[in-house]
Amino acid sequence: MITGLLILFPFLAMLALWLTKDARVARRNALIGAWLQLPVAIAAICLFQCNGFREIIYAVEWIPSMGVSFNLALDGLSLLLVLLTAVLIPVIVSFVPVQNTSSPRKFYALIFMAQMAMTGVFLVRDGLMFYIFWELALIPLYFITALWGGENRIRITFKFFIYTMAGSLLMLVALIYLYLQTPYPHSFDFGALYSVALSTQQQIWVFLAFFVAFAIKIPVFPLHTWQPDTYTTAPYAGSMILSGIMLKMGIYGIIRFITPLFIGTININLEQTVLILALVGLLYASVIAIRQDDLKRFVAYVSLAHVALITMGAIIGNNFALQGAGIQMFSHGINVVGLFIIVQIIEEKTNTRKISQLGGLAKKMPLLAVLFMIILLGSIGLPLTNGFVGEYLLLYGIYQYNVWMAAFAGLTIIFGAVYMFKMFQHVMLGDKKYAAELTDIGTREATVLIPLCLLVILIGVYPKPLIDMIQPTIENILNVITIAH
Amino acid sequence: MIDIAWIIPLLPLLGFLITGFFYKRMPNKVSAFVACSSVLLAFLFSLGVAFQVFANGIVKNITLFDWIAFGDYAFSFELKFDALSSVMMLVVTGVGFLIHLYSIGYMKEDEGFNRFFAYLNLFIFFMLVLVTAANYLIVFIGWEGVGLCSYLLIGFWFKSHENNNAAKKAFIMNRIGDLGFLLGMFMILKTFGTLSFDAVFNTAMGFDIGKPEIVAITLLLFIGATGKSAQIPLYTWLPDAMAGPTPVSALIHAATMVTAGVYLVVRSNILYSLAPFTQTVILITGLLTALLAGIIATRQYDIKKVLAYSTISQLGLMFMGLGVGAYVSSTFHLVTHAFFKALLFLAAGSVIHAMGGEQDIRKMGGLKDKVKITWAVFLVGTIAISGIPPFSGFFSKDEIMLALYMKNPLYWAMGLFISMLTAFYMFRLLYITFYGKYRNSESIHVHESPKIMTLPLIVLAILSALGGVVNLPSYIGKARLEHAMSTIIFDNGTRDLFHVSLSREFMLMGITLLVIIASIVVARAWFKKDRDYSFVSRSGIKGIIDNKFYIDELYRLIIERPLMWLSDKFYNVIEIKVIDRAVNSVGDITTCASRIFRYMQSGNLGYYLLAMVVSIAVILAYAVFV
């Protein structure tokens, strides 16, 4: 029941916004709609705990003749990402600039549509429904970027759309292929899909189809070039949804499909090739980030580097790596949205987001400097911030798999310090005069940044609730892997 | 007392939270009071704990809560209170408190006064976590945390580009070491299945000497130590770190944080004793660092830079001690060094304060009569660091020298040379700064520092003079530290080697003393009289030393520049011209193809009919002939 509500609520919010005519009322309604989701998610956590951390299942037959059902289940991993969505959407909605948005009702309605679709992706346990929600999530982001984006938005959005669409179609092919391998009557149920026995050759193709689909979404090197352009062009809210939540769909997909279906059984060369691609992407994006001048693009490459590490963990799929991937998905969502919010603040205040034109902001905006520093520390994974917990678990998970991969992936902690502190120095420190009078951040900024910063520290100091939440699910996935062997 | 010892790191954290949250609204006096009293309280608690540990031999592990725990693994917040952590706690809170006091005077005029004290408290918190941690993961929290505070405090005056660069450099170089630490930690976890000291060390006792895993673990941890303790190859951040306020240099970059690497090795001494190869690496690294830094120090003119290189050199000496297994001696030197180096830095701060911010000793001279207290305490510090009896440095250095001699007289000779350099550059500094004629403009009102600054100086001077009582050699008194630490030092028979006849010991000591005195005499002859410092020779070996052996330039050439080049090429060539172009060309091919295929659907029925007929003909032909 609760699972249905989690999807229904954003849907209702979307409808309500669509029907709101007045622009000012639209914003108020959007805020109410966004914040109302949070208690629902928290209720879901409580129910999940009452249920002894076992899956809460809710299934309705949809097209029985095809073996398609509206099959929802709430386990730790789903809950983690639903929670992330429910935390970030209100933050993102609250931070949409009040004036600059033309036809706000559509804008907010699209955000809720995205929330509904993404929540759906995290909850369904049916292959076809998974695909439907997956594609559904793309549509609002397409319109948000195409209608409210910056320079070159049509060309860039088109590329983003076609690119990810191509990936999704591969996933659909893989899903249908698996479906046809299930015993008659065929079923799209995840459990049925997991138990399909594939020959080595079949495995390789299905693996590749899934991997490319997820790798485009995440994105993984070298399928990533839509990402920096899109993050840079999209309005801030769009970039935040894309990087904070939507890319987790790809990692989630890996953990739901690739890890249980293929890990340990897939051709080892293929597995390692994929891991090395992710590793190369990690270092490549880190190195590029060092010299980016556009702050938005900088965040895009930072995000690219961070998710590459999570991807490695998800594919390796041991207990440490999966715990790390889970925690880091959550932490990355918070940190990257925090970074985008800070970039947005800086651009709003100074009318530029070119690092070379900035400097000395800490003097004028001490509070922003403190909050920025906290998000930055989370992002570079300083102990007692959220980033460390995930990074530590991921790196040790990788270490268990291969020492050298861990050593190279570990370079991320050095590169992280290099690009982050270089950027921070040139944006916040030093001394620079501005034409306009700069004031420190006010209530609007503080109300979203302070909670995010608190989460950065809270998860860093006491990650136990999240760890406990996802551990049973991870054990289930590990069981699926062992049974497969 | 020891049951609530967890409160010790918590106190400065509270201090940080209070001063940090209200730093805008709080009067300077209140924040100074909060900051200082939190550290003082922590010191008093540490005293209580240390008393119980030393007098009653109690060792206590306190587990606060599970930090990261799942499946078979649990990494908890656990603290360990034993002889080593007590010694470190006393140094951190004791010297830390004095430096807090001193800072009240030193930072009085600074607009960031409250922020400064918040950072100092945060530093003390992380440092206490580092030294009281009971497993490697918690050490790592403190380890990275002090690195952060170091960053924040070096770049405290963040308007200056140079300070920011120094801060960034310190953090990044530390992080390079941290990666070594992290990987070492992973290896421990893999080998032992846990990161807790007790479990790891107990298991390690059963291991054979030279087990490859242990060698790798110890080497990786040592990489971490080279970052934090400024050893070759990761030492170049420390001289730059002098950009921070002087109390910071005293606290972080002399007395406490930079000794974390030494602490880590002493803490893991069981592992190191099992890895003779690593010990050799440490010995050689320490030796080279001590020599290099000692030589550079002899030609520096910035009062703080001389002390910075001296710190690197002294840390090198401590690592030499660790390399020959003299863990207690190195800890002893760590303690005495904390006293006299903190003293020297604070006294230098007092000089800088008196000179209105001037740090170049060529523009000083003759300060002896103008700042009497500062001169006196600086003299005490100089004597102590030079190793003249009965000052503290003599005892601790002598122990390391003796251990070096046991291992190999050649190492002892190297140590002797380093001691000679130490005495030389320190007395050179003393003479140039305080003797001769005053060489700066008379418009500067040179004045002695206020009491709040001189009081900590005097206390530290007393400690520097008498600190040797912590661990007196057997011919005079009690080796208290040796005794207290005996439970945590792994004894694999090496300690018996530390026995040498008393006459031989005195002979070595005599030689050392003679050499030190000789080098003081030379320093006096060269630098006490007035010299013309305006002429700077930049040629030959002197030029190389003046340029610090061009190590910074070398790093820039082989690391920084290629990285920047790579960053540029990755983006402008690979990203844009290769990958993105490939992606776009897939799109272009599709568009292009559709443009061609469009002609097939012109809407002209005649074409369609023709195409149909031709196709049918082709298909039939295929069916018939093939």
# chains A, B, ... in the order shown; residues from 1 in each chain; ligands from 1

$ interface_residues --of "chain A" --to "chain B" --cutoff "7 Å" --atoms "only C-alpha atoms" --output "PyMOL selection string"
chain A and resi 222+225+287-288+290-291+382-383+396+410+414+417-418+421+425+429-431+462-464+471

$ select_by_dssp --residues "segment 18-192 of chain A" --states "strand (DSSP E or B)" --output "ChimeraX atom specification"
/A:56-63,68-74,124,126,189

$ residues_around --residues "Asn318 of chain A" --least-positions-apart "3" --cutoff "12 Å" --atoms "only C-alpha atoms" --output "PyMOL selection string"
(chain A and resi 255+259-260+263-264+312-315+321-325+393-402+471+474-479+481-482) or (chain B and resi 71)

$ write_last_selection --atoms "C-alpha atoms" --output "PDB file, in the first residue's frame"
ATOM      1  CA  ILE A 255      22.739  -3.588  -8.731  1.00  0.00           C
ATOM      2  CA  THR A 259      25.050  -7.837 -10.089  1.00  0.00           C
ATOM      3  CA  PRO A 260      22.612 -10.706  -9.454  1.00  0.00           C
ATOM      4  CA  ILE A 263      28.617 -11.252 -11.276  1.00  0.00           C
ATOM      5  CA  GLY A 264      30.987 -14.134 -10.912  1.00  0.00           C
ATOM      6  CA  MET A 312      32.971  -0.006  -9.939  1.00  0.00           C
ATOM      7  CA  GLY A 313      31.608  -0.967  -6.556  1.00  0.00           C
ATOM      8  CA  ALA A 314      28.212  -1.927  -7.955  1.00  0.00           C
ATOM      9  CA  ILE A 315      29.788  -4.193 -10.563  1.00  0.00           C
ATOM     10  CA  ALA A 321      31.397  -2.659  -2.394  1.00  0.00           C
ATOM     11  CA  LEU A 322      27.615  -2.834  -2.366  1.00  0.00           C
ATOM     12  CA  GLN A 323      27.361  -1.147   1.026  1.00  0.00           C
ATOM     13  CA  GLY A 324      29.692   1.521  -0.277  1.00  0.00           C
ATOM     14  CA  ALA A 325      27.701   1.917  -3.465  1.00  0.00           C
ATOM     15  CA  LEU A 393      33.639   0.981   1.868  1.00  0.00           C
ATOM     16  CA  LEU A 394      33.871   1.204  -1.901  1.00  0.00           C
ATOM     17  CA  LEU A 395      37.642   1.317  -1.963  1.00  0.00           C
ATOM     18  CA  TYR A 396      37.937  -1.621   0.385  1.00  0.00           C
ATOM     19  CA  GLY A 397      35.388  -3.513  -1.682  1.00  0.00           C
ATOM     20  CA  ILE A 398      37.515  -2.843  -4.742  1.00  0.00           C
ATOM     21  CA  TYR A 399      40.622  -3.780  -2.781  1.00  0.00           C
ATOM     22  CA  GLN A 400      39.123  -7.177  -2.001  1.00  0.00           C
ATOM     23  CA  TYR A 401      38.573  -7.670  -5.702  1.00  0.00           C
ATOM     24  CA  ASN A 402      41.889  -6.380  -6.960  1.00  0.00           C
ATOM     25  CA  GLN A 471      22.276  -4.600   4.605  1.00  0.00           C
ATOM     26  CA  ILE A 474      22.499  -6.614   0.012  1.00  0.00           C
ATOM     27  CA  GLU A 475      22.541  -9.997   1.692  1.00  0.00           C
ATOM     28  CA  ASN A 476      19.644 -11.058  -0.533  1.00  0.00           C
ATOM     29  CA  ILE A 477      21.527  -9.966  -3.621  1.00  0.00           C
ATOM     30  CA  LEU A 478      24.639 -11.760  -2.419  1.00  0.00           C
ATOM     31  CA  ASN A 479      22.497 -14.862  -1.936  1.00  0.00           C
ATOM     32  CA  ILE A 481      24.866 -14.503  -6.596  1.00  0.00           C
ATOM     33  CA  THR A 482      25.857 -17.527  -4.515  1.00  0.00           C
TER      34      THR A 482
ATOM     35  CA  GLY B  71      27.856  -8.470   8.583  1.00  0.00           C
TER      36      GLY B  71
END

$ residues_around --residues "Ala234 of chain A" --least-positions-apart "6" --cutoff "8 Å" --atoms "only C-alpha atoms" --output "ChimeraX atom specification"
/A:144-146,148-150,153

$ residues_around --residues "segment 82-88 of chain B" --least-positions-apart "3" --cutoff "8 Å" --atoms "only C-alpha atoms" --output "count of residues only"
16

$ residues_around --residues "Val96 of chain A" --least-positions-apart "4" --cutoff "10 Å" --atoms "only C-alpha atoms" --output "ChimeraX atom specification"
/A:27,91-92,100-101,104,107-108,235-238,341,344

$ write_last_selection --atoms "C-alpha atoms" --output "PDB file, in the first residue's frame"
ATOM      1  CA  ARG A  27       4.959  27.920  -6.358  1.00  0.00           C
ATOM      2  CA  VAL A  91      15.244  20.959  -1.699  1.00  0.00           C
ATOM      3  CA  ILE A  92      15.341  21.355  -5.460  1.00  0.00           C
ATOM      4  CA  ASN A 100      13.102  33.635 -13.561  1.00  0.00           C
ATOM      5  CA  THR A 101      10.828  30.767 -14.358  1.00  0.00           C
ATOM      6  CA  PRO A 104       6.154  27.793 -13.328  1.00  0.00           C
ATOM      7  CA  PHE A 107       8.023  23.473 -14.626  1.00  0.00           C
ATOM      8  CA  TYR A 108       6.938  22.144 -11.244  1.00  0.00           C
ATOM      9  CA  PRO A 235      18.480  24.845 -15.647  1.00  0.00           C
ATOM     10  CA  TYR A 236      19.914  24.229 -12.178  1.00  0.00           C
ATOM     11  CA  ALA A 237      16.880  22.263 -11.050  1.00  0.00           C
ATOM     12  CA  GLY A 238      17.301  19.994 -14.056  1.00  0.00           C
ATOM     13  CA  ILE A 341      23.036  24.975  -5.249  1.00  0.00           C
ATOM     14  CA  GLN A 344      23.641  28.665  -8.513  1.00  0.00           C
TER      15      GLN A 344
END
